[in-house]
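Containing PDB, C-alpha atoms: upload18.pdb.
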```
MODEL        1
ATOM      1  CA  MET A  14      -7.804  -4.816   6.799
ATOM      2  CA  ASN A  15     -11.054  -2.900   7.147
ATOM      3  CA  GLN A  16     -12.602  -1.338   4.072
ATOM      4  CA  HIS A  17     -14.631   1.277   5.988
ATOM      5  CA  ASN A  18     -12.850   4.583   5.577
ATOM      6  CA  PRO A  19     -13.990   8.168   6.329
ATOM      7  CA  LEU A  20     -11.829   9.430   3.449
ATOM      8  CA  GLU A  21     -14.657   8.197   1.247
ATOM      9  CA  ALA A  22     -16.542  11.393   1.954
ATOM     10  CA  VAL A  23     -20.295  11.822   1.974
ATOM     11  CA  GLY A  24     -21.469  13.745  -1.074
ATOM     12  CA  SER A  25     -19.102  12.088  -3.519
ATOM     13  CA  LYS A  26     -19.898  12.606  -7.162
ATOM     14  CA  PRO A  27     -21.347   9.719  -9.212
ATOM     15  CA  GLU A  28     -19.092   6.716  -9.581
ATOM     16  CA  GLU A  29     -16.890   6.309 -12.630
ATOM     17  CA  LEU A  30     -17.441   3.229 -14.770
ATOM     18  CA  VAL A  31     -13.959   1.967 -13.841
ATOM     19  CA  PRO A  32     -13.082   1.944 -10.107
ATOM     20  CA  SER A  33     -10.358   4.470  -9.406
ATOM     21  CA  ARG A  34     -10.056   4.494  -5.614
ATOM     22  CA  TYR A  35      -9.843   1.846  -2.921
ATOM     23  CA  ALA A  36     -10.263   2.464   0.804
ATOM     24  CA  LEU A  37      -8.930   0.536   3.764
ATOM     25  CA  ARG A  38      -7.889   1.090   7.365
ATOM     26  CA  ILE A  39      -4.553   0.334   8.952
ATOM     27  CA  GLY A  40      -5.457   0.294  12.631
ATOM     28  CA  GLU A  41      -6.646   3.854  13.285
ATOM     29  CA  ILE A  42      -5.159   5.234  10.048
ATOM     30  CA  ASP A  43      -7.467   5.818   7.065
ATOM     31  CA  VAL A  44      -5.927   5.028   3.680
ATOM     32  CA  LEU A  45      -7.286   5.655   0.196
ATOM     33  CA  VAL A  46      -5.404   4.406  -2.867
ATOM     34  CA  VAL A  47      -6.227   6.571  -5.902
ATOM     35  CA  SER A  48      -5.430   5.743  -9.516
ATOM     36  CA  ASP A  49      -3.808   8.580 -11.447
ATOM     37  CA  GLY A  50      -4.314   6.597 -14.662
ATOM     38  CA  VAL A  51      -1.818   4.719 -16.809
ATOM     39  CA  LEU A  52       1.343   5.464 -18.782
ATOM     40  CA  PRO A  53       1.920   3.608 -22.066
ATOM     41  CA  LEU A  54       5.675   2.932 -22.206
ATOM     42  CA  PRO A  55       8.039   0.632 -24.134
ATOM     43  CA  SER A  56       8.434  -2.782 -22.507
ATOM     44  CA  LYS A  57      12.223  -2.357 -22.600
ATOM     45  CA  MET A  58      11.789   0.160 -19.788
ATOM     46  CA  LEU A  59      11.079  -2.733 -17.409
ATOM     47  CA  ALA A  60      14.524  -4.245 -17.788
ATOM     48  CA  HIS A  61      17.054  -2.595 -20.054
ATOM     49  CA  ASN A  62      19.857  -4.779 -18.625
ATOM     50  CA  ALA A  63      18.042  -8.047 -19.378
ATOM     51  CA  ASP A  64      18.608 -10.273 -22.396
ATOM     52  CA  PRO A  65      15.863  -9.278 -24.876
ATOM     53  CA  ALA A  66      14.802 -12.901 -25.340
ATOM     54  CA  VAL A  67      14.519 -13.444 -21.586
ATOM     55  CA  ARG A  68      12.560 -10.216 -21.191
ATOM     56  CA  ALA A  69      10.255 -11.221 -24.051
ATOM     57  CA  ALA A  70       9.673 -14.609 -22.431
ATOM     58  CA  TRP A  71       8.736 -12.959 -19.133
ATOM     59  CA  LEU A  72       6.268 -10.651 -20.885
ATOM     60  CA  HIS A  73       4.771 -13.622 -22.760
ATOM     61  CA  ASP A  74       4.383 -15.615 -19.544
ATOM     62  CA  MET A  75       2.650 -12.626 -17.917
ATOM     63  CA  PHE A  76       0.275 -12.210 -20.901
ATOM     64  CA  LEU A  77       1.673  -8.735 -21.515
ATOM     65  CA  PRO A  78       2.331  -7.079 -24.908
ATOM     66  CA  ALA A  79       5.817  -7.552 -26.314
ATOM     67  CA  ASP A  80       6.562  -3.957 -27.282
ATOM     68  CA  ALA A  81       4.611  -1.625 -24.987
ATOM     69  CA  PHE A  82       2.103  -1.833 -22.187
ATOM     70  CA  ASP A  83       0.312   0.359 -19.658
ATOM     71  CA  TRP A  84       2.097   1.173 -16.417
ATOM     72  CA  ALA A  85      -0.272   1.909 -13.564
ATOM     73  CA  LEU A  86       0.059   5.165 -11.623
ATOM     74  CA  ASN A  87      -1.155   5.210  -8.015
ATOM     75  CA  VAL A  88      -1.128   7.830  -5.256
ATOM     76  CA  VAL A  89      -2.295   7.495  -1.655
ATOM     77  CA  MET A  90      -4.386   9.678   0.658
ATOM     78  CA  VAL A  91      -3.893   9.178   4.406
ATOM     79  CA  ARG A  92      -5.669  10.543   7.464
ATOM     80  CA  SER A  93      -3.960  10.232  10.838
ATOM     81  CA  GLY A  94      -3.848  12.340  13.990
ATOM     82  CA  GLY A  95      -5.937  15.135  12.525
ATOM     83  CA  LYS A  96      -3.760  15.399   9.407
ATOM     84  CA  THR A  97      -4.834  14.699   5.842
ATOM     85  CA  ILE A  98      -1.833  13.631   3.793
ATOM     86  CA  LEU A  99      -1.398  13.168   0.051
ATOM     87  CA  ILE A 100       1.461  10.813  -0.828
ATOM     88  CA  ASP A 101       2.641  11.756  -4.317
ATOM     89  CA  ALA A 102       0.494  13.752  -6.730
ATOM     90  CA  GLY A 103       0.481  11.964 -10.072
ATOM     91  CA  LEU A 104       1.510  13.204 -13.493
ATOM     92  CA  GLY A 105      -0.585  16.318 -13.912
ATOM     93  CA  SER A 106      -0.530  17.506 -17.502
ATOM     94  CA  ASP A 107       2.302  17.320 -20.036
ATOM     95  CA  PRO A 108       0.840  17.617 -23.538
ATOM     96  CA  ASP A 109       4.279  17.390 -25.181
ATOM     97  CA  LEU A 110       4.586  13.735 -24.135
ATOM     98  CA  HIS A 111       1.058  12.794 -25.263
ATOM     99  CA  LEU A 112       0.025  10.932 -22.109
ATOM    100  CA  PRO A 113      -3.696  11.741 -21.905
ATOM    101  CA  ARG A 114      -4.655   8.665 -19.871
ATOM    102  CA  ALA A 115      -2.612   9.741 -16.843
ATOM    103  CA  GLY A 116      -2.842  12.835 -14.666
ATOM    104  CA  GLN A 117      -6.235  12.000 -13.138
ATOM    105  CA  THR A 118      -5.430  12.486  -9.440
ATOM    106  CA  ILE A 119      -7.006  15.898  -8.875
ATOM    107  CA  LYS A 120     -10.322  15.113 -10.536
ATOM    108  CA  ARG A 121     -10.486  11.742  -8.787
ATOM    109  CA  LEU A 122      -9.924  13.350  -5.400
ATOM    110  CA  GLU A 123     -12.796  15.671  -6.264
ATOM    111  CA  ALA A 124     -14.922  12.673  -7.259
ATOM    112  CA  ALA A 125     -14.197  11.189  -3.829
ATOM    113  CA  GLY A 126     -15.442  14.392  -2.190
ATOM    114  CA  ILE A 127     -11.982  15.404  -0.931
ATOM    115  CA  ASP A 128     -11.418  19.161  -0.829
ATOM    116  CA  LEU A 129      -7.839  20.136  -1.721
ATOM    117  CA  ALA A 130      -7.989  22.747   1.036
ATOM    118  CA  SER A 131      -8.310  19.918   3.577
ATOM    119  CA  VAL A 132      -4.874  18.518   2.686
ATOM    120  CA  THR A 133      -2.451  19.492   5.452
ATOM    121  CA  ASP A 134       0.634  17.659   4.182
ATOM    122  CA  VAL A 135       2.096  16.187   0.995
ATOM    123  CA  VAL A 136       4.792  13.510   1.056
ATOM    124  CA  LEU A 137       6.861  12.962  -2.081
ATOM    125  CA  THR A 138       8.592   9.645  -2.673
ATOM    126  CA  HIS A 139      10.721  11.538  -5.205
ATOM    127  CA  MET A 140      10.486  14.380  -7.724
ATOM    128  CA  HIS A 141       9.914  12.579 -11.025
ATOM    129  CA  MET A 142       7.142  14.288 -12.954
ATOM    130  CA  ASP A 143       4.619  11.466 -12.436
ATOM    131  CA  HIS A 144       4.890  12.089  -8.682
ATOM    132  CA  VAL A 145       4.819  15.905  -8.500
ATOM    133  CA  GLY A 146       2.980  16.950 -11.673
ATOM    134  CA  GLY A 147      -0.470  16.996 -10.094
ATOM    135  CA  LEU A 148       0.605  19.912  -7.916
ATOM    136  CA  LEU A 149       1.434  21.899 -11.056
ATOM    137  CA  VAL A 150      -1.997  21.618 -12.698
ATOM    138  CA  ASP A 151      -3.490  25.063 -13.343
ATOM    139  CA  GLY A 152      -5.434  26.332 -10.344
ATOM    140  CA  VAL A 153      -4.311  23.617  -7.906
ATOM    141  CA  LYS A 154      -1.833  25.669  -5.883
ATOM    142  CA  GLU A 155      -4.451  28.360  -5.300
ATOM    143  CA  ARG A 156      -6.801  25.755  -3.807
ATOM    144  CA  LEU A 157      -4.195  24.306  -1.433
ATOM    145  CA  ARG A 158      -3.546  25.682   2.038
ATOM    146  CA  PRO A 159      -0.856  28.384   2.107
ATOM    147  CA  ASP A 160       0.737  26.586   5.096
ATOM    148  CA  LEU A 161       0.833  23.227   3.276
ATOM    149  CA  ARG A 162       3.884  21.185   4.239
ATOM    150  CA  ILE A 163       5.547  19.185   1.449
ATOM    151  CA  HIS A 164       7.882  16.562   2.911
ATOM    152  CA  VAL A 165      10.745  15.419   0.667
ATOM    153  CA  ALA A 166      14.258  14.152   1.270
ATOM    154  CA  ALA A 167      16.896  16.876   1.206
ATOM    155  CA  ALA A 168      19.007  14.672  -1.079
ATOM    156  CA  GLU A 169      16.178  14.672  -3.627
ATOM    157  CA  VAL A 170      15.924  18.453  -3.772
ATOM    158  CA  LYS A 171      19.719  18.685  -4.112
ATOM    159  CA  PHE A 172      19.834  16.091  -6.889
ATOM    160  CA  TRP A 173      17.399  17.984  -9.117
ATOM    161  CA  GLU A 174      19.549  21.102  -9.043
ATOM    162  CA  ALA A 175      21.847  19.274 -11.512
ATOM    163  CA  PRO A 176      20.364  15.814 -12.232
ATOM    164  CA  ASP A 177      22.459  12.998 -13.704
ATOM    165  CA  PHE A 178      20.756  10.846 -16.375
ATOM    166  CA  THR A 179      23.838   8.929 -17.540
ATOM    167  CA  ARG A 180      22.652   5.571 -16.164
ATOM    168  CA  THR A 181      18.984   5.836 -17.144
ATOM    169  CA  ASP A 182      17.410   4.437 -20.314
ATOM    170  CA  MET A 183      14.343   6.536 -21.132
ATOM    171  CA  PRO A 184      12.347   7.282 -24.291
ATOM    172  CA  GLN A 185      13.212  10.483 -26.119
ATOM    173  CA  GLY A 186      11.792  13.589 -24.492
ATOM    174  CA  PHE A 187      11.485  12.171 -20.986
ATOM    175  CA  PRO A 188      14.786  13.482 -19.524
ATOM    176  CA  ASP A 189      14.010  17.035 -20.653
ATOM    177  CA  ALA A 190      10.456  16.800 -19.317
ATOM    178  CA  LEU A 191      11.660  15.429 -15.981
ATOM    179  CA  ARG A 192      14.246  18.198 -15.593
ATOM    180  CA  ALA A 193      11.755  20.927 -16.483
ATOM    181  CA  THR A 194       9.018  19.608 -14.179
ATOM    182  CA  ALA A 195      11.325  19.183 -11.187
ATOM    183  CA  LYS A 196      12.738  22.682 -11.668
ATOM    184  CA  ARG A 197       9.292  24.222 -11.962
ATOM    185  CA  PHE A 198       8.048  22.336  -8.908
ATOM    186  CA  ALA A 199      11.017  23.422  -6.778
ATOM    187  CA  ASN A 200      10.531  27.040  -7.822
ATOM    188  CA  GLU A 201       6.771  27.127  -7.239
ATOM    189  CA  TYR A 202       6.727  25.283  -3.906
ATOM    190  CA  ARG A 203      10.082  26.232  -2.394
ATOM    191  CA  ASN A 204       8.440  27.952   0.588
ATOM    192  CA  ASN A 205       6.353  24.846   1.346
ATOM    193  CA  LEU A 206       9.204  22.317   1.384
ATOM    194  CA  TRP A 207      10.005  20.548   4.658
ATOM    195  CA  THR A 208      13.097  18.485   3.994
ATOM    196  CA  PHE A 209      14.460  15.595   6.044
ATOM    197  CA  ASP A 210      17.729  13.671   5.920
ATOM    198  CA  GLU A 211      16.916   9.996   6.530
ATOM    199  CA  GLN A 212      13.556   9.649   8.267
ATOM    200  CA  HIS A 213      10.651  11.788   9.446
ATOM    201  CA  GLU A 214       7.310  11.137  11.178
ATOM    202  CA  VAL A 215       4.691  13.146   9.282
ATOM    203  CA  ALA A 216       1.747  12.146  11.498
ATOM    204  CA  PRO A 217       1.125   9.496  14.162
ATOM    205  CA  GLY A 218       2.224   6.192  12.650
ATOM    206  CA  VAL A 219       3.095   7.727   9.257
ATOM    207  CA  VAL A 220       6.858   7.678   8.692
ATOM    208  CA  VAL A 221       8.725   8.579   5.509
ATOM    209  CA  ARG A 222      12.183   6.996   5.085
ATOM    210  CA  ARG A 223      14.829   7.690   2.453
ATOM    211  CA  THR A 224      15.999   4.636   0.529
ATOM    212  CA  GLY A 225      17.901   6.172  -2.380
ATOM    213  CA  GLY A 226      18.491   4.065  -5.482
ATOM    214  CA  HIS A 227      15.770   5.045  -7.910
ATOM    215  CA  THR A 228      16.826   8.632  -7.243
ATOM    216  CA  PRO A 229      19.226   9.770  -4.482
ATOM    217  CA  GLY A 230      16.353  10.979  -2.319
ATOM    218  CA  HIS A 231      13.786   8.313  -3.198
ATOM    219  CA  SER A 232      11.741   7.442  -0.112
ATOM    220  CA  VAL A 233       9.094   5.006   1.064
ATOM    221  CA  VAL A 234       6.242   5.718   3.486
ATOM    222  CA  ARG A 235       5.201   3.244   6.186
ATOM    223  CA  MET A 236       1.839   3.515   7.913
ATOM    224  CA  ALA A 237       1.544   1.530  11.159
ATOM    225  CA  SER A 238      -1.233   1.400  13.752
ATOM    226  CA  GLY A 239      -2.881  -1.205  15.960
ATOM    227  CA  GLY A 240      -0.488  -3.973  14.992
ATOM    228  CA  GLU A 241      -1.114  -3.462  11.257
ATOM    229  CA  ALA A 242       1.184  -1.833   8.702
ATOM    230  CA  LEU A 243       1.323  -0.871   5.039
ATOM    231  CA  THR A 244       4.297   0.501   3.091
ATOM    232  CA  PHE A 245       3.901   2.738   0.045
ATOM    233  CA  ALA A 246       7.027   1.842  -1.901
ATOM    234  CA  GLY A 247       6.902   4.524  -4.579
ATOM    235  CA  ASP A 248       9.148   3.390  -7.453
ATOM    236  CA  ALA A 249      11.277   0.967  -5.430
ATOM    237  CA  VAL A 250       9.192  -1.935  -6.762
ATOM    238  CA  PHE A 251       7.736  -2.530 -10.229
ATOM    239  CA  THR A 252       5.674  -5.476 -11.485
ATOM    240  CA  VAL A 253       8.737  -7.320 -12.741
ATOM    241  CA  GLY A 254      10.677  -6.680  -9.534
ATOM    242  CA  PHE A 255       9.322  -9.706  -7.685
ATOM    243  CA  ASP A 256      10.388 -12.333 -10.226
ATOM    244  CA  GLN A 257      13.473 -10.423 -11.367
ATOM    245  CA  PRO A 258      14.532  -7.997  -8.618
ATOM    246  CA  GLU A 259      17.932  -7.364 -10.248
ATOM    247  CA  TRP A 260      16.502  -6.154 -13.560
ATOM    248  CA  HIS A 261      17.096  -2.446 -14.080
ATOM    249  CA  ASN A 262      14.223  -0.088 -14.730
ATOM    250  CA  GLY A 263      14.863   2.643 -17.288
ATOM    251  CA  PHE A 264      13.953   5.446 -14.863
ATOM    252  CA  GLU A 265      16.466   4.403 -12.198
ATOM    253  CA  HIS A 266      19.292   6.924 -11.827
ATOM    254  CA  ASP A 267      21.438   4.415  -9.907
ATOM    255  CA  PRO A 268      20.145   1.018 -11.065
ATOM    256  CA  ASP A 269      22.592  -1.095  -9.038
ATOM    257  CA  GLU A 270      21.636   0.643  -5.797
ATOM    258  CA  ALA A 271      17.957   0.541  -6.798
ATOM    259  CA  ALA A 272      18.199  -3.263  -7.091
ATOM    260  CA  ARG A 273      19.792  -3.506  -3.642
ATOM    261  CA  VAL A 274      17.052  -1.293  -2.186
ATOM    262  CA  ARG A 275      14.355  -3.375  -3.884
ATOM    263  CA  ILE A 276      15.713  -6.701  -2.615
ATOM    264  CA  ARG A 277      16.164  -5.373   0.913
ATOM    265  CA  LEU A 278      12.628  -3.932   1.007
ATOM    266  CA  LEU A 279      10.991  -7.059  -0.440
ATOM    267  CA  ARG A 280      12.888  -9.243   2.018
ATOM    268  CA  GLU A 281      11.705  -7.063   4.928
ATOM    269  CA  LEU A 282       8.094  -7.208   3.765
ATOM    270  CA  ALA A 283       8.214 -10.967   3.181
ATOM    271  CA  GLU A 284       9.522 -11.489   6.716
ATOM    272  CA  SER A 285       7.010  -9.157   8.377
ATOM    273  CA  GLY A 286       3.953 -10.043   6.281
ATOM    274  CA  GLU A 287       3.000  -6.373   6.135
ATOM    275  CA  LEU A 288       1.045  -4.938   3.223
ATOM    276  CA  LEU A 289       2.664  -3.270   0.222
ATOM    277  CA  VAL A 290       1.324  -0.697  -2.205
ATOM    278  CA  ALA A 291       3.441   0.853  -4.984
ATOM    279  CA  THR A 292       3.127   3.501  -7.650
ATOM    280  CA  HIS A 293       3.368   1.298 -10.720
ATOM    281  CA  MET A 294       1.717  -1.910  -9.551
ATOM    282  CA  PRO A 295      -1.722  -2.619 -11.064
ATOM    283  CA  PHE A 296      -4.466  -0.751  -9.198
ATOM    284  CA  PRO A 297      -5.311  -1.023  -6.332
ATOM    285  CA  SER A 298      -1.787  -2.366  -5.855
ATOM    286  CA  ILE A 299      -2.364  -3.764  -2.353
ATOM    287  CA  GLY A 300      -0.903  -7.112  -1.414
ATOM    288  CA  HIS A 301       1.759  -9.134   0.341
ATOM    289  CA  VAL A 302       5.261 -10.283  -0.577
ATOM    290  CA  ALA A 303       6.331 -13.929  -0.325
ATOM    291  CA  VAL A 304       9.703 -15.534  -0.888
ATOM    292  CA  ALA A 305       9.883 -17.707  -4.021
ATOM    293  CA  GLY A 306      13.225 -19.491  -4.287
ATOM    294  CA  GLU A 307      15.917 -16.891  -4.910
ATOM    295  CA  ALA A 308      13.334 -14.207  -5.737
ATOM    296  CA  PHE A 309       9.881 -13.144  -4.542
ATOM    297  CA  ARG A 310       6.204 -13.581  -5.297
ATOM    298  CA  TRP A 311       3.452 -10.940  -5.332
ATOM    299  CA  VAL A 312       0.248 -11.985  -3.530
ATOM    300  CA  PRO A 313      -2.532  -9.474  -4.298
ATOM    301  CA  ALA A 314      -5.033  -8.816  -1.513
ATOM    302  CA  PHE A 315      -8.618  -9.818  -2.219
ATOM    303  CA  TRP A 316     -10.819  -6.798  -2.863
ATOM    304  CA  ASP A 317     -12.876  -5.949   0.227
ATOM    305  CA  TYR A 318     -16.237  -4.541  -0.850
TER     306      TYR A 318
ENDMDL
END
```

Is it possible to express this structure as structure tokens?
Amino acid sequence: MNQHNPLEAVGSKPEELVPSRYALRIGEIDVLVVSDGVLPLPSKMLAHNADPAVRAAWLHDMFLPADAFDWALNVVMVRSGGKTILIDAGLGSDPDLHLPRAGQTIKRLEAAGIDLASVTDVVLTHMHMDHVGGLLVDGVKERLRPDLRIHVAAAEVKFWEAPDFTRTDMPQGFPDALRATAKRFANEYRNNLWTFDEQHEVAPGVVVRRTGGHTPGHSVVRMASGGEALTFAGDAVFTVGFDQPEWHNGFEHDPDEAARVRIRLLRELAESGELLVATHMPFPSIGHVAVAGEAFRWVPAFWDY
């Protein structure tokens, strides 16, 4: 894992007080993890099918607040084969939900010296608002290339035509906001969508694969080059998912399938030893997966300065 990365462009603006991007190389592929900020959400969202006492004990053991805590939001920039790829786009702006600490992706790309016009492709793990909202920020579409390709599973686009929230457990206001954002995104970027069924190679060594579960078209992105690999897992894995992979997250539209996807993915990564990065793992969210009894263990990578 090599920290040198051309995505950290010359001419970057002054550093923020809190680090918000982390660069590494996967073989010949440049990767930059960017923090979109944090979402304060009720702790019940981590595991609405768990016994409240057991959930409270887990939070206590992890030194986390009992009632609410900050969920990280991460996106990834990738450069491979002459393509510059943004994987997910963060929350953007939704003043009705009062989430001012998220939605930082665009300004943090600017701080890294990355011109939006240089982005050739966008890959969406799914169409929840904290993954597409950055593309809906005022003025962003006008700065993107008109021939931008946005890769998303066909099943995901179909799902949001009439989304089913019957098995989710979200705070008030979130279902309406998710519906509205997905509809607006589909309308504004319809001509840029490049859909795939199960798997698609976006650039050399960069493959997006549909997993389903979290949403019907939820996908993960694997970057592989020179014998190294990293998987961006989107919302397939949350912080609690290693210790308690069968706990249901409140945003999962099919929680049973999401648990099966999570266990299968964590088992694959534990066997291969490849790196993992995920949307809602604490920034920079890079590490390995190990087996721990009947569950798993998260092993964060040491920061490479």

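For the file at hand, the PyMOL selection byres ((chain A and resi 114) around 10) resolves to Asp49, Gly50, Val51, Leu52, Pro53, Asp83, Leu104, His111, Leu112, Pro113, Ala115, Gly116 and Gln117 of chain A.
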
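Neighbouring residues of region 186-198 of chain A at 7 Å or closer, counting all atoms listed in the file and skipping chain neighbours under 3 positions away, are A:Met140, A:His141, A:Met142, A:Leu149, A:Trp173, A:Met183, A:Glu201, A:Tyr202.
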
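Note that the spacing between CA of His266 (chain A) and CA of Val302 (chain A) amounts to 24.9 Å.
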
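Atom to atom, CA of Asp267 (chain A) and CA of Thr179 (chain A) stand 9.2 Å apart.
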
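Using only C-alpha atoms, the shortest contact distance between Leu37 (chain A) and any of A:Val215, A:Val89, A:Ala167, A:Val221 is found at A:Val89.
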
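Counting from CA of Trp311 (chain A), the distance to CA of Arg121 (chain A) is 26.8 Å.
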
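Using all atoms listed in the file, the set of residues no farther than 12 Å from the position (8.8, 6.5, 9.3) comprises Val136, His164, Phe209, Asp210, Glu211, Gln212, His213, Glu214, Val215, Ala216, Pro217, Gly218, Val219, Val220, Val221, Arg222, Arg223, Thr224, Ser232, Val233, Val234, Arg235, Met236, Ala237, Ala242, Leu243, Thr244 and Phe245 of chain A.
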
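Each of A:Ala60, A:Glu169, A:Gly286, A:Pro184 was checked against Pro268 (chain A) using all atoms listed in the file; the smallest atom-to-atom distance is that of A:Ala60.
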
Do a neighbour search on Thr97 (chain A) at 8 Å with only C-alpha atoms, toss out local chain neighbours closer than 3 positions, and write the hits as a compact mmCIF listing (two decimals) with C-alpha atoms, in the coordinates of the input.
```txt
# COMPACT_ATOMS: atom_id res chain seq x y z
CA MET A 90 -4.39 9.68 0.66
CA VAL A 91 -3.89 9.18 4.41
CA ARG A 92 -5.67 10.54 7.46
CA SER A 93 -3.96 10.23 10.84
CA SER A 131 -8.31 19.92 3.58
CA VAL A 132 -4.87 18.52 2.69
CA THR A 133 -2.45 19.49 5.45
CA ASP A 134 0.63 17.66 4.18
```
